[in-house]
Every structure is written in structure tokens, then in C-alpha cells.
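Report on the structure given below.
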Amino acid sequence: MKRSILLSVLLLIFMINITAQEDTSKVTPDDLKAKIEELKGHIEGLNESYLETKATVDALKKIKFSGYIQTQFQSAEVDGAATFAGGNFAANMHNRFMVRRGRLKLTYDNNLTNLVLQIDATERGLGLKDAYLFLKEPWLKSFGLKGGVFDRPFGFEIGYSSSSRETPERSRMFQTLFPGERDLGISVEYSPYSPFENFLGYFNFKAGFFAGNGSSVEVDNKKDFIGRLGFSLPFYEENLAIDGGVSIYRGGVKLAAGKSIFTVDNSNAASANVKSSFADRNYLGFDLQLYYAMPLLGNFSLRGEYISGKQPSGSSASSTSPTSLQTGDLFMRNFAGYYLNYVQNLGDKNQLVIKYDVYDPNIDVEGDQIGAAAAAKLGSGDIKYSTMGIGLIHYLDDNLKFVLYYDSVSNETTTKLAGFNSDLKDNVLTFRIQYKF
Amino acid sequence: MKKIILLLVIAALSFGFQSDNKVITVKGSDTMVILAQRWAEKYMQTHPEVTIQITGGGSGVGIAALINGSTDIAKASRPMKPSEREKLKQRYNSLGVEVKTAKDGLSIYVNDKNSVRELSIQQIKDIYTGKITNWKSLGGRDTKIIIYGRENSSGTYVYFKDNVLGGEDFTSKMQSMPGTSAVVNAVVKDVNSIGFGGAAFAKGITMVAVKKDANSKAFEPTEENIKNGNYPITRFLYLYLKTKPTGEVKKFIDWILSSEGQSIVSKVGYFPIR
């Protein structure tokens, strides 16, 4: 717009100049005055028009669209491989093309208030990812309130966007405990407006109450509490950053009438509880992220998380958190898991990533204990997995990213459970192209 | 598995490390455009194998370009914000490398015909937040104050907001100009106006003396007052890099901090840090 005004003004000056050159002898001071007045009128008109357009543009600037598409080719060791690298392969195939994520995000940013709506559109259908509002208090601009469907405030990996994450998928632990990452609820946040200016400026805090079923509809009256207290320590001179946090989850899964909560541990027969109406879902997590520049090798990040606690599920074959009302017995396990993620810059455009993650859904049992006695109610949901991943990332520009990644998965073996007497053939190679805007 | 790892390591080594760039791009602060151009011209005279491209757009634009990889160096007239450092951290595992290159007194411009010659920080704040609207209450003529400032992509805008307005919003009456030169031109033409910007741009206007509070002594933005810290609105002029500089970029930065590079700082109208 400013360019248009400038061009118009220059054109007018040019025209006046030409006219002046054509007949300089006839130009009187009054003519010149009239021309200047005419020019002023034009400029004022253009300025008014500019201000009107600016008001419209300023209003439109509040609406922001962003998104990304991840297209990938994957190859597994065998047909029908069960994997956490984007979901199980179909029974008759071991390689596939897939749009892993097709995200479109709308943000209405009105400074202290925000609205966010994000959908995921792939060949598997259309899904809701985010739908929330965010309000910030106007005084300190540090405390906020969020309501709707959004990331659970637990740990680091949940909130680390899939478009920025170096590995194709989150660790098995997070996919099991927090399927879909989001939940329906309300939370309060503290994020310092001017970080690092005082003691409190090094901390951040998020906590709230949630339905506990992921993005699904609410199914019971009990609300789950989720919270994280985090810190951020930047050492600018050393180009070193240390971030971390402690997270807590206190919630429950509703037990259907007439059903039992079985505690599955190393007992020969799982003990049943019929008195409680909810099975405890309690986690405690620690996360730490380190960023530093090593001599010769350059910048790297090392991130890790550890979570342990009690996890109820609706099956002995799976320890995944329920996302709907359970109609059968519940199975309670003590679990633990962790991951370590190392990312090494190779120049500005490339990164090497190595990740090791372990998830033990039942820390009370191991090996041949699983499947040994039917009354113990132990099954494939109690098998421990570890995954070693290595990959390369190439950033072509700000929009395009290429990822080549290999997941090598190892599982706990037991001679007492069919299908688990040796390591499963479930390694997966992924080649992904991501376009982000 | 071993084959896959070997393949990935070979691939990493083959396209991991890139050769040094002979074209250095520098983007960002308009306040620093002239300074950076002088540096580039002088440096390229003695290093003809290197091309240095200087563009403006504002500190925010330069830092955004650094984050998205479209510039080698961002120039900024304000410190990088924690949120910007966070974005660098996410993409480059780095908080960014900050290089202080010069010092500047952020000057308050008034027209030569304006009788007001000194202002306190609080008075400046009250003008720019819309609480004082007439020169009369500042000892001047009974006329409305016409306020000029910068656009919000400007580092000068951000620095002024954070350090003079204490984080408060500018009055909606402020007219945002695309560069410090435009602010100076506006103040030259309008006898009732006020503006702010780098001391190096102050031609044909008066820079008022500024006092910390009503009881303090007022100081003009002279070299001596800026260097010894008496002038209350001083700032550094920065260069930012994604990671520790190497190759030609490192040589250029080292030269900027050398006596030759710092002498250009003085010639342009800012104040050397060494």
C-alpha cells in the first residue's frame, strides 16, 4: 500500500514536472499553489484510503493459518508387523505409502485472547486435534486459562510438535499412556511475560482438570488432574540451555457394574477388587533437556524423560489407556518407562538423530512369568519393549524436511506365551517428506 | 540393522558438512543498515573473494530470517527475545550467538523550533502512552504533540517499548514510520512533532537532553554521556548468528570487532564498544 502511495505521488510530481517543462513561461505562483493544493488533496485521499485498508489488513492479520503434511514410505520386516511407527501394517503387506499427518490449524490471535482449531486430514479420515480457547490476564500477562481439547500438560514429548520432532513418532511409552496426546478439559498456565528477569522468571507451570479419555466424549463424573512444573535455565554466553520439569497425573478409569479391578503382578492369581468404582491412574514423570555446542562436532541436544506409576487398562493384551467407557474387567499394572533422544547438528541443513526408548508396562513381572498361569491374567500387555532408532534429517528450506529413520525394536521373550518366545520381526524403515507452512 | 546404521552414517558424512559460504547475507535492523553497509563495503575492498549482502526490514524480520535459515547474520538494535531463542533452540539446538558491535544512544528528536530542550523518562513515557498530549504541560507552546515512531517489526520500537514505556502499549495516535530516516524527516517538517531513533540519524533536528527522573540532571546523547552511562537511554547494536561462526563469517565478525571495523562505527555516528 505504501508503495502504491509512493508511486502515485511520484507519478503526480512527474506529471507536474512535464507540464512545467512544456510551458514554463505560463506558470504563475497561483498556478503552482493550485497544483500543490491539488497534490495535497490527492495525498490526503490516498492516505485515507491507506488507513481504511490498513484497518482491514490489521483485522485480517489476527487470523492465521498454518499446517503441515507428512507423506511417507515405510517398510517392515514381515507382513502384518505390529508397530508403534505409525500403526500396525495390514495382514498381507510389509510396505506402505501413507499420509501420516495432514494438519491444518486456524488461529485467531487477538493478543490476550486466542482461539485455535486444528484438524488432521489423511487417507484414513478426518479427525479433530485441537479445539480450544486461551485467555491471558492483562496485568502481568503471565497467567492464562485454556479450555477445550488440547495437549495434556505432562512431560516434554507431548507438547513437542510432530512437525518439529526429529523422530517420526513419539516414544512407545507416550503413545501407550497418552494416546492422541490431547484431552478435553481446562487448565491454568504460568508463563513469565519477561522470562529470566527474576527468580520466578525461570519457572513455568501448567495444570488442569481433564476428562481423561483423550479427544473422546466425557464418560464419567471423575476428572483427572494433570500438571507440570517446569524450569528453564539459559546460559547465553556458554550457548548452553538446561530445561526440565516434574509432572503428575492423578486420575481414574471407571469400572463397569459387576466387574472387577485385577491387580496383575507376580502373584499366581491376580487379586480382584470389586469395591472400588474407579481404578487409579497415577503417574509421576521427570523430564530434562540439554542443549549445547560441542567443540568440533557443533550443537546438539540431549533429551530424556522417565515416567512411572499405576496404569489401568481394559485388557490383558494391552496396557494402553482407555479412551471410552469400559464395560469389562480392568487390569491394573505398575509400569515404568523412559527415553533418551540425541540430536546432533551436521551443519545447518542436516541432523543425525539417535533415540532409545524403553517401556515396561508391568515392572512386577518378567520373562516366563508372563503367560505361566491363566489365573495371573498376564498377557501380551505385560511384555517389555525397547526401541533403538537412528535417523537422518535434511532441511531443504524452511518448508521442506526429509527424514530417513530406522526403528529396531526388541521385546521381552517368554516361553509361556504364544508368539513371544523370540524377538518379533517388527523393525521398520521410514522415509518421510514433510512440507510445513 | 548394522547395514542400515552403516548406510545412515555414510549418508551423514557425505552430506553433513558443507563448504564455507563466500556469500554472506546480513538482514535485520534498519538502524544498522548504514553501519552494516559501510562495514561490508570496506571489508569487500580487502576481501574481493567475499560478497556481503545487506538488507533491512527491522530487527524482528532479521531474527525471523535467521531462524528460518534465510540469512547468515541477523542485525538487531535490541536483544533477542527469549521466545526467539526458543525457536532457534528447537531447530538448531542452539540459543544463538550474540555479538555486541556498537553502542547507541536512543535519541528523542524534536523540531529545531521547539523550545522544549529536556524531558524526563516519565514525561517521554507519558507522551508515547497518550497521557501528555500538549507541549504546554512540558513548558512548550500550547499545541498538540504530533507523535512519530516506528513499526512493530523494528528493534528500536521494541527497545523503546520495553525500556522507556515499561512494556506499556504505544498510544494509537502515534504515526508509525518505516525507518528512522522517515521519523527524522517528519520531525524536520513538523514543528509540533516528536520522534525517536538512533543518534546517527539526527540531521536537521534537535535531540533533547534526557533525565532519569524529575530530580536528576538532564544529559544530551553525546559520545561521552553515552559511553559513561549518564545518558539514560543507551543500547547495544547486535549481530546474531545461529551457531558459533566459522569460515568467512567468522573472519567478517572478527574484522567488525577489530580496530578497523570499530573505527567505522564512530564514522557512522555510533559508539565503538572497544
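Every chain in the C-alpha cells has a letter given in the order shown (A, B, ...), and although residue numbers restart at 1 in each chain, ligands are simply numbered from 1 in the order shown.
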Residues of chain A within 8 Å of chain B, counting only C-alpha atoms, as a PyMOL selection string: chain A and resi 164+195+234+236-237+239-241+291-293+299-301+345-352+390-392+397-398+406+408
Residue neighbourhood segment 135-146 of chain B, 6 Å, only C-alpha atoms, exclusion window fewer than 6 positions, as a VMD selection string: chain B and resid 115 to 116 192 to 193
Which of segment 2-238 of chain B DSSP labels alpha helix (DSSP H), written as a ChimeraX atom specification: /B:2-16,33-46,59-67,82-92,121-128,155-163,180-189,223-227
Distance of atom CA of Lys125 of chain B from atom CA of Val268 of chain B, expressed in Å to one decimal place: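 Interatomic distance here is 28.2 Å.
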Lys217 of chain B surroundings by only C-alpha atoms, 10 Å radius, close-in-sequence under 5 positions cut, as a VMD selection string: chain B and resid 118 120 209 to 212 230 to 231
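Between atom CA of Asp368 of chain A and atom CA of Ser313 of chain A there is a distance of 21.6 Å.
Every protein, DNA or RNA residue with an atom at most 8 Å from Asp72 of chain B, where only C-alpha atoms count and chain neighbours fewer than 4 positions away do not, is listed here: Ile24, Thr25, Val26, Leu66, Leu241, Lys242 and Val249 of chain B.
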Go ahead and save the picked residues with N, CA and C atoms, as a tab-separated table (two decimals), in the first residue's frame.
```tsv
chain	number	residue	atom	x	y	z
B	24	ILE	N	27.88	-13.83	2.12
B	24	ILE	CA	27.38	-13.68	3.49
B	24	ILE	C	26.17	-12.75	3.45
B	25	THR	N	25.05	-13.23	3.96
B	25	THR	CA	23.85	-12.39	3.98
B	25	THR	C	23.64	-11.84	5.39
B	26	VAL	N	23.35	-10.53	5.44
B	26	VAL	CA	23.12	-9.85	6.73
B	26	VAL	C	21.78	-9.13	6.63
B	66	LEU	N	16.90	-15.39	10.40
B	66	LEU	CA	17.96	-16.23	10.97
B	66	LEU	C	17.37	-17.58	11.39
B	241	LEU	N	23.98	-14.82	15.34
B	241	LEU	CA	24.23	-15.95	14.46
B	241	LEU	C	23.55	-17.18	15.05
B	242	LYS	N	23.27	-18.15	14.21
B	242	LYS	CA	22.60	-19.37	14.69
B	242	LYS	C	23.51	-20.13	15.65
B	249	VAL	N	32.38	-16.20	7.63
B	249	VAL	CA	31.52	-15.44	8.55
B	249	VAL	C	32.31	-15.06	9.79
```
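Taking atom CA of Trp39 of chain B and atom CA of Val23 of chain B as the two end points, the separation is 14.7 Å.
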Within 6 Å of segment 244-255 of chain A using only C-alpha atoms, minus same-chain residues under 3 positions, as JSON, numbers by chain: {"A": [154, 155, 224, 225, 226, 227, 228, 229, 230, 231, 277, 278, 279, 280, 281, 282, 283, 284, 285, 286, 287, 288, 289]}
Atoms to include: C-alpha atoms. Write the selected residues as a PDB file, in the first residue's frame.
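The resulting part.pdb:
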```
ATOM      1  CA  PHE A 154       2.511 -33.694  31.125  1.00  0.00           C
ATOM      2  CA  GLY A 155       6.214 -34.042  30.344  1.00  0.00           C
ATOM      3  CA  ASP A 224      -8.269 -36.311  36.110  1.00  0.00           C
ATOM      4  CA  PHE A 225      -5.699 -33.829  37.413  1.00  0.00           C
ATOM      5  CA  ILE A 226      -2.647 -33.268  35.215  1.00  0.00           C
ATOM      6  CA  GLY A 227       0.129 -30.776  35.913  1.00  0.00           C
ATOM      7  CA  ARG A 228       3.732 -29.923  35.175  1.00  0.00           C
ATOM      8  CA  LEU A 229       6.127 -27.574  36.947  1.00  0.00           C
ATOM      9  CA  GLY A 230       8.978 -26.693  34.628  1.00  0.00           C
ATOM     10  CA  PHE A 231      12.147 -24.663  34.649  1.00  0.00           C
ATOM     11  CA  SER A 277     -15.796 -47.841  41.320  1.00  0.00           C
ATOM     12  CA  PHE A 278     -12.639 -46.386  39.772  1.00  0.00           C
ATOM     13  CA  ALA A 279      -9.221 -47.839  39.025  1.00  0.00           C
ATOM     14  CA  ASP A 280      -6.392 -45.472  39.946  1.00  0.00           C
ATOM     15  CA  ARG A 281      -4.456 -43.923  37.085  1.00  0.00           C
ATOM     16  CA  ASN A 282      -1.463 -42.258  38.718  1.00  0.00           C
ATOM     17  CA  TYR A 283       1.792 -41.202  37.044  1.00  0.00           C
ATOM     18  CA  LEU A 284       4.869 -39.287  38.101  1.00  0.00           C
ATOM     19  CA  GLY A 285       7.255 -38.037  35.436  1.00  0.00           C
ATOM     20  CA  PHE A 286      10.583 -36.254  35.150  1.00  0.00           C
ATOM     21  CA  ASP A 287      11.963 -34.662  32.024  1.00  0.00           C
ATOM     22  CA  LEU A 288      15.258 -32.968  31.216  1.00  0.00           C
ATOM     23  CA  GLN A 289      16.559 -31.299  28.045  1.00  0.00           C
TER      24      GLN A 289
END
```
Strand (DSSP E) residues, from DSSP on the backbone, in segment 305-367 of chain A, as number ranges by chain: A: 305-313, 330-346, 350-360
Write the selection just made, keeping C-alpha atoms, as a PDB file, in the first residue's frame?
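Writing the result to result_13.pdb gives the following:
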```pdb
ATOM      1  CA  GLU A 305      12.095 -38.494  30.265  1.00  0.00           C
ATOM      2  CA  TYR A 306      11.188 -41.027  32.899  1.00  0.00           C
ATOM      3  CA  ILE A 307       7.650 -41.916  33.952  1.00  0.00           C
ATOM      4  CA  SER A 308       6.393 -44.499  36.406  1.00  0.00           C
ATOM      5  CA  GLY A 309       3.111 -45.203  38.119  1.00  0.00           C
ATOM      6  CA  LYS A 310      -0.110 -47.204  38.052  1.00  0.00           C
ATOM      7  CA  GLN A 311      -1.836 -47.866  34.763  1.00  0.00           C
ATOM      8  CA  PRO A 312      -5.290 -49.423  34.380  1.00  0.00           C
ATOM      9  CA  SER A 313      -6.339 -50.913  31.046  1.00  0.00           C
ATOM     10  CA  LEU A 330      -9.935 -53.647  34.428  1.00  0.00           C
ATOM     11  CA  PHE A 331      -6.276 -54.677  34.734  1.00  0.00           C
ATOM     12  CA  MET A 332      -4.004 -52.660  36.988  1.00  0.00           C
ATOM     13  CA  ARG A 333      -0.232 -52.674  36.450  1.00  0.00           C
ATOM     14  CA  ASN A 334       2.750 -50.858  37.898  1.00  0.00           C
ATOM     15  CA  PHE A 335       4.706 -49.527  34.932  1.00  0.00           C
ATOM     16  CA  ALA A 336       7.896 -47.614  34.162  1.00  0.00           C
ATOM     17  CA  GLY A 337       9.408 -46.216  31.009  1.00  0.00           C
ATOM     18  CA  TYR A 338      11.960 -43.786  29.712  1.00  0.00           C
ATOM     19  CA  TYR A 339      13.621 -42.484  26.578  1.00  0.00           C
ATOM     20  CA  LEU A 340      16.846 -40.758  25.624  1.00  0.00           C
ATOM     21  CA  ASN A 341      16.949 -38.682  22.467  1.00  0.00           C
ATOM     22  CA  TYR A 342      20.185 -37.331  20.984  1.00  0.00           C
ATOM     23  CA  VAL A 343      20.202 -34.896  18.053  1.00  0.00           C
ATOM     24  CA  GLN A 344      23.493 -33.783  16.516  1.00  0.00           C
ATOM     25  CA  ASN A 345      23.637 -30.912  14.022  1.00  0.00           C
ATOM     26  CA  LEU A 346      25.621 -31.718  10.888  1.00  0.00           C
ATOM     27  CA  ASN A 350      21.310 -31.798   8.432  1.00  0.00           C
ATOM     28  CA  GLN A 351      20.863 -33.593  11.709  1.00  0.00           C
ATOM     29  CA  LEU A 352      21.659 -37.051  12.989  1.00  0.00           C
ATOM     30  CA  VAL A 353      19.174 -38.429  15.497  1.00  0.00           C
ATOM     31  CA  ILE A 354      19.538 -41.392  17.837  1.00  0.00           C
ATOM     32  CA  LYS A 355      16.775 -42.425  20.200  1.00  0.00           C
ATOM     33  CA  TYR A 356      16.477 -45.214  22.700  1.00  0.00           C
ATOM     34  CA  ASP A 357      13.196 -45.824  24.432  1.00  0.00           C
ATOM     35  CA  VAL A 358      12.037 -48.437  26.894  1.00  0.00           C
ATOM     36  CA  TYR A 359       8.551 -49.161  28.100  1.00  0.00           C
ATOM     37  CA  ASP A 360       7.858 -51.847  30.683  1.00  0.00           C
TER      38      ASP A 360
END
```
Who sits within 12 Å of Lys227 of chain B, only C-alpha atoms, same chain under 2 positions skipped, as a list in words: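 So the residues in contact are Ala102, Lys103, Asp104, Gly105, Glu220, Pro221, Thr222, Glu223, Glu224, Asn225, Gly229, Asn230, Tyr231, Pro232, Ile233, Thr234, Arg235, Phe236, Tyr270, Phe271, Pro272, Ile273 and Arg274 of chain B.
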Just the residues within 7 Å of Tyr68 of chain A, please, counting only C-alpha atoms, with nothing from its chain fewer than 2 positions along; format it as a PDB file with C-alpha atoms, in the first residue's frame.
```pdb
ATOM      1  CA  GLN A  70       3.872 -35.715   6.268  1.00  0.00           C
ATOM      2  CA  GLY A 102      -2.225 -33.784   7.276  1.00  0.00           C
ATOM      3  CA  ARG A 103      -2.712 -30.889   9.634  1.00  0.00           C
ATOM      4  CA  LEU A 104      -4.460 -27.586   9.103  1.00  0.00           C
ATOM      5  CA  GLN A 434       7.302 -33.068   5.365  1.00  0.00           C
ATOM      6  CA  TYR A 435       6.003 -29.789   3.991  1.00  0.00           C
ATOM      7  CA  LYS A 436       5.180 -27.161   6.590  1.00  0.00           C
ATOM      8  CA  PHE A 437       3.824 -23.671   6.209  1.00  0.00           C
TER       9      PHE A 437
END
```
